[in-house]
Amino acid sequence: MDNENAIEEIFIQHGVTLKKASASYISALDTIGVLLFGKYKKENLHYFEWKMSEPYEIMDTDSQDSDWSLVHTGKSSDDSANSEGDSQKSSRITIRVLFRDLKGIESHNTELRLYVQDGARKSLSVHSLYLFNHGSPRSFVDFLERKHFVSRSKHRKHFFHCMEETNSDKLQKSFSELNIEDIISQPAAGNYYSKIFANVHHTILSTARQQVRPRLSHSRENQDPEEDGEASSNGSENRVKSENVSKDERRKLAPRPEVHRGEPLDAKKWAEFHAANGAITDPNRVRDIIFRGGISDDIRAEVWKYLLGLDLWEHTAAEREARRSSKTQEYFLMKLQWQTITPIQEGNFTGYRERKCQIEKDVKRTDRTYEFFAGDNNPNLVKLQDILMTYVMYNFDLGYVQGMSDLLAPILCLFHKQAESFWCFVGFMQKVFNNFDIDQKGMKQQLENLRTLLAFVNEKLYKYLTDNQSENMYFCFRWLLVWFKREFCNADIMLLWEVLWTGLPCPNFHLFVCVAILDQEMDVFIDGNFTFTDILKHVNELSGNLNVTAILEQAESIYLQVKNTIETAKEPHVELRKIIGEEVSPAGTSGTSGSEEDDDSCMSIVNEKSLDDQEMAIQRKIDEACDLSMSFALF
């Protein structure tokens, strides 16, 4: 191979520990390095490379992004891609393997394994194993799958077969050797790709004989223009035929029905639901009316107490008053606990001091543009701080996290009274408690669900985000964390929240609100060729410019579209059913059910402590996304 052959670094990840390799690399085990995926342009060969980091590089790995970073660095390389042993010529140990020599990769949690074929036993063996200290290999594996470098195995949950070939002879191997069965059955492709591969496999083989770029990717509807340029004219004709098949076989979504908002729950309707003893007779019907039209201003404070759990639907008037009195006493008792902490106690109570300091800073900048909190020495700011400090005593394990003041502010604006505001805030926190988990597990799951939902209902937008490394959906972080509090004025956020508190039409309706907003902004993103930073900036500049009624109508329409589609589809759509709150039968979860601990993958946890560190790294990244998102807000 020409030593002056230019290489292109496609993906690169810092902070990757080598956990397993051949014996010749024993001195490099448990060492942090850099892992990259590159291409030799002249030979059109791709390769993996891990290189031991210099000490100063290891010290700086915390500053690296926690996902694979797309780079476009062309340079000359003096290294050869021949054998692993040759790669040790440099002062730093380097491991390199051509992609064509790999038979599979496996990605699970923070691990990435590369597999080769054991010539003697004709079975797979581990070539090398890497542990990601500051990220996850998932986005990289997704990239490989999108580009048809790999196909998902239908037998092993986290395993992918390597598909890239480098000459026409190898491309003429049988479909069984190319793992076409796995391609057809992979969940990411669905019926769309399975039918394409079934219909055009003869075309692919014919094209391969004419030395068209070998990746079986000509059946892909939206192909990279650069890759198209490398195909012959005959290959282009076959690709056009494949695109026509793609359009014909595309997954059919049910139409989005037209949705209109209804009238709000007013005092007259509300009175009709009161029994003689004061109990509410039909809570489900009340919720339905609220979901359709919200609540009139004059009864909002009273109804919110039911939606947020201070008042119970079944209680009589006497029971309701007794409960309110008891809750008021409980509030002031907890408030007295922190008010009577002595300076010495506070000095010895680090956790308390940190929470108090954060609350003081956030209170000073919460909704200061609203008259209720405007001006210096505003007594309502004191109330806001008192309630948040009392919540620290109520739930010290959670304490206080940035964003909680945003959730409390509209509640206090409505009730004015501390005790009622506190207990309604507690009820709200019970609905969004997972947003503030210390490990951000709840937020990560919501972002993943949002990705799944958007990919299903708006393939065009999701593909654009994916092509621009924005599919992590971090620009929606603020929306999810504080339930769109900073996107709407007080009147609109009260309407949106009371609709979401009903739990209708599904417990994750707030995700459909996210999709509705993104759906409306799709043309802006694509026409403007927005990068992730551009998207984040634009999304935050939407604050105060969104029509809550139109968004709620579109969100419900999208929900009905998804529900109607999966009800008539042959595929189980397990994840989508979970998102909309449907129970999934065990039969419908085969191959995807069970916890990560129960799956039968051969991936194992190498180091429990390392996984803990990894979770901390992911949390830091999401915290940074939150800080960046919050910094655009108008206080």
# chains A, B, ... in the order shown; residues from 1 in each chain; ligands from 1
$ residues_around --residues "Asp101 of chain A" --least-positions-apart "2" --cutoff "10 Å" --atoms "only C-alpha atoms" --output "list of chain:residue names"
A:Tyr47, A:Val97, A:Leu98, A:Phe99, A:Lys103, A:Gly104, A:Tyr115, A:Val116, A:Gln117, A:Cys162, A:Glu164, A:Glu165
$ residues_around --residues "segment 577-581 of chain A" --least-positions-apart "5" --cutoff "7 Å" --atoms "only C-alpha atoms" --output "ChimeraX atom specification"
/A:449,506-508
$ write_last_selection --atoms "N, CA and C atoms" --output "PDB file, in the first residue's frame"
ATOM      1  N   ASN A 449     -36.881   8.228  23.851  1.00  0.00           N
ATOM      2  CA  ASN A 449     -38.268   8.064  23.389  1.00  0.00           C
ATOM      3  C   ASN A 449     -38.632   9.115  22.350  1.00  0.00           C
ATOM      4  N   CYS A 506     -52.251  10.085  26.672  1.00  0.00           N
ATOM      5  CA  CYS A 506     -51.267   9.099  27.098  1.00  0.00           C
ATOM      6  C   CYS A 506     -50.306   9.783  28.062  1.00  0.00           C
ATOM      7  N   PRO A 507     -49.596   9.017  28.867  1.00  0.00           N
ATOM      8  CA  PRO A 507     -48.725   9.633  29.871  1.00  0.00           C
ATOM      9  C   PRO A 507     -47.537  10.395  29.292  1.00  0.00           C
ATOM     10  N   ASN A 508     -47.200  10.162  28.028  1.00  0.00           N
ATOM     11  CA  ASN A 508     -46.068  10.854  27.405  1.00  0.00           C
ATOM     12  C   ASN A 508     -46.524  11.869  26.364  1.00  0.00           C
TER      13      ASN A 508
END
$ closest_atom_pairs --of "segment 374-479 of chain A" --to "segment 528-547 of chain A" --cutoff "8 Å" --atoms "only C-alpha atoms" --output "Markdown table"
| residue | atom | partner | partner_atom | distance |
| --- | --- | --- | --- | --- |
| A:Asn468 | CA | A:Thr531 | CA | 6.2 |
| A:Gln469 | CA | A:Phe532 | CA | 7.1 |
| A:Ser470 | CA | A:Phe532 | CA | 5.4 |
| A:Phe475 | CA | A:Leu536 | CA | 4.9 |
| A:Cys476 | CA | A:Val539 | CA | 7.9 |
$ atom_distance --atom1 "atom CA of Lys39 of chain A" --atom2 "atom CA of Glu8 of chain A"
5.1 Å
$ atom_distance --atom1 "atom CA of Pro343 of chain A" --atom2 "atom CA of Phe396 of chain A"
19.0 Å
$ closest_residue --among "A:Val426, A:Tyr394, A:Arg261, A:Ser123" --to "Lys335 of chain A" --atoms "only C-alpha atoms"
A:Tyr394
$ residues_around --residues "segment 494-505 of chain A" --least-positions-apart "5" --cutoff "6 Å" --atoms "only C-alpha atoms" --output "PyMOL selection string"
chain A and resi 287+291+294
$ write_last_selection --atoms "all heavy atoms" --output "JSON list (two decimals), in the first residue's frame"
[["chain", "number", "residue", "atom", "x", "y", "z"],
["A", 287, "ARG", "N", -61.33, 15.38, 33.68],
["A", 287, "ARG", "CA", -60.02, 15.38, 33.02],
["A", 287, "ARG", "C", -60.18, 15.51, 31.51],
["A", 287, "ARG", "O", -59.38, 16.21, 30.84],
["A", 287, "ARG", "CB", -59.26, 14.10, 33.36],
["A", 287, "ARG", "CG", -58.81, 13.99, 34.80],
["A", 287, "ARG", "CD", -57.84, 12.82, 34.97],
["A", 287, "ARG", "NE", -57.53, 12.55, 36.35],
["A", 287, "ARG", "CZ", -58.15, 11.66, 37.11],
["A", 287, "ARG", "NH1", -59.13, 10.93, 36.60],
["A", 287, "ARG", "NH2", -57.79, 11.48, 38.37],
["A", 291, "PHE", "N", -58.56, 18.36, 29.23],
["A", 291, "PHE", "CA", -57.65, 18.06, 28.13],
["A", 291, "PHE", "C", -58.12, 18.75, 26.85],
["A", 291, "PHE", "O", -57.30, 19.24, 26.07],
["A", 291, "PHE", "CB", -57.57, 16.54, 27.90],
["A", 291, "PHE", "CG", -56.79, 16.17, 26.68],
["A", 291, "PHE", "CD1", -55.41, 16.26, 26.67],
["A", 291, "PHE", "CD2", -57.44, 15.74, 25.53],
["A", 291, "PHE", "CE1", -54.67, 15.95, 25.53],
["A", 291, "PHE", "CE2", -56.72, 15.42, 24.38],
["A", 291, "PHE", "CZ", -55.33, 15.53, 24.39],
["A", 294, "GLY", "N", -58.89, 23.04, 28.62],
["A", 294, "GLY", "CA", -58.28, 23.74, 29.75],
["A", 294, "GLY", "C", -59.29, 24.10, 30.82],
["A", 294, "GLY", "O", -60.38, 23.52, 30.90]]
$ atom_distance --atom1 "atom CA of Trp313 of chain A" --atom2 "atom CA of Asn435 of chain A"
26.8 Å
$ select_by_dssp --residues "segment 417-523 of chain A" --states "alpha helix (DSSP H)" --output "count of residues only"
73
$ closest_residue --among "A:Leu124, A:Met404, A:Val16, A:Val457" --to "Ser136 of chain A" --atoms "only C-alpha atoms"
A:Val16
$ residues_around --residues "Asn472 of chain A" --least-positions-apart "2" --cutoff "9 Å" --atoms "only C-alpha atoms" --output "number ranges by chain"
A: 139, 447-448, 451, 465-466, 469-470, 474-475
$ write_last_selection --atoms "C-alpha atoms" --output "PDB file, in the first residue's frame"
ATOM      1  CA  SER A 139     -23.921   6.881  17.801  1.00  0.00           C
ATOM      2  CA  LEU A 447     -34.684  11.885  24.898  1.00  0.00           C
ATOM      3  CA  GLU A 448     -34.458   8.344  23.545  1.00  0.00           C
ATOM      4  CA  ARG A 451     -35.894  10.146  19.038  1.00  0.00           C
ATOM      5  CA  LEU A 465     -30.850  15.698  12.281  1.00  0.00           C
ATOM      6  CA  THR A 466     -28.951  12.426  11.995  1.00  0.00           C
ATOM      7  CA  GLN A 469     -25.135  14.855  14.291  1.00  0.00           C
ATOM      8  CA  SER A 470     -28.138  16.341  16.093  1.00  0.00           C
ATOM      9  CA  TYR A 474     -30.226  17.689  23.369  1.00  0.00           C
ATOM     10  CA  PHE A 475     -31.715  20.911  22.000  1.00  0.00           C
TER      11      PHE A 475
END
$ closest_residue --among "A:Cys514, A:Leu552, A:Val482, A:Leu333" --to "Leu454 of chain A" --atoms "only C-alpha atoms"
A:Cys514
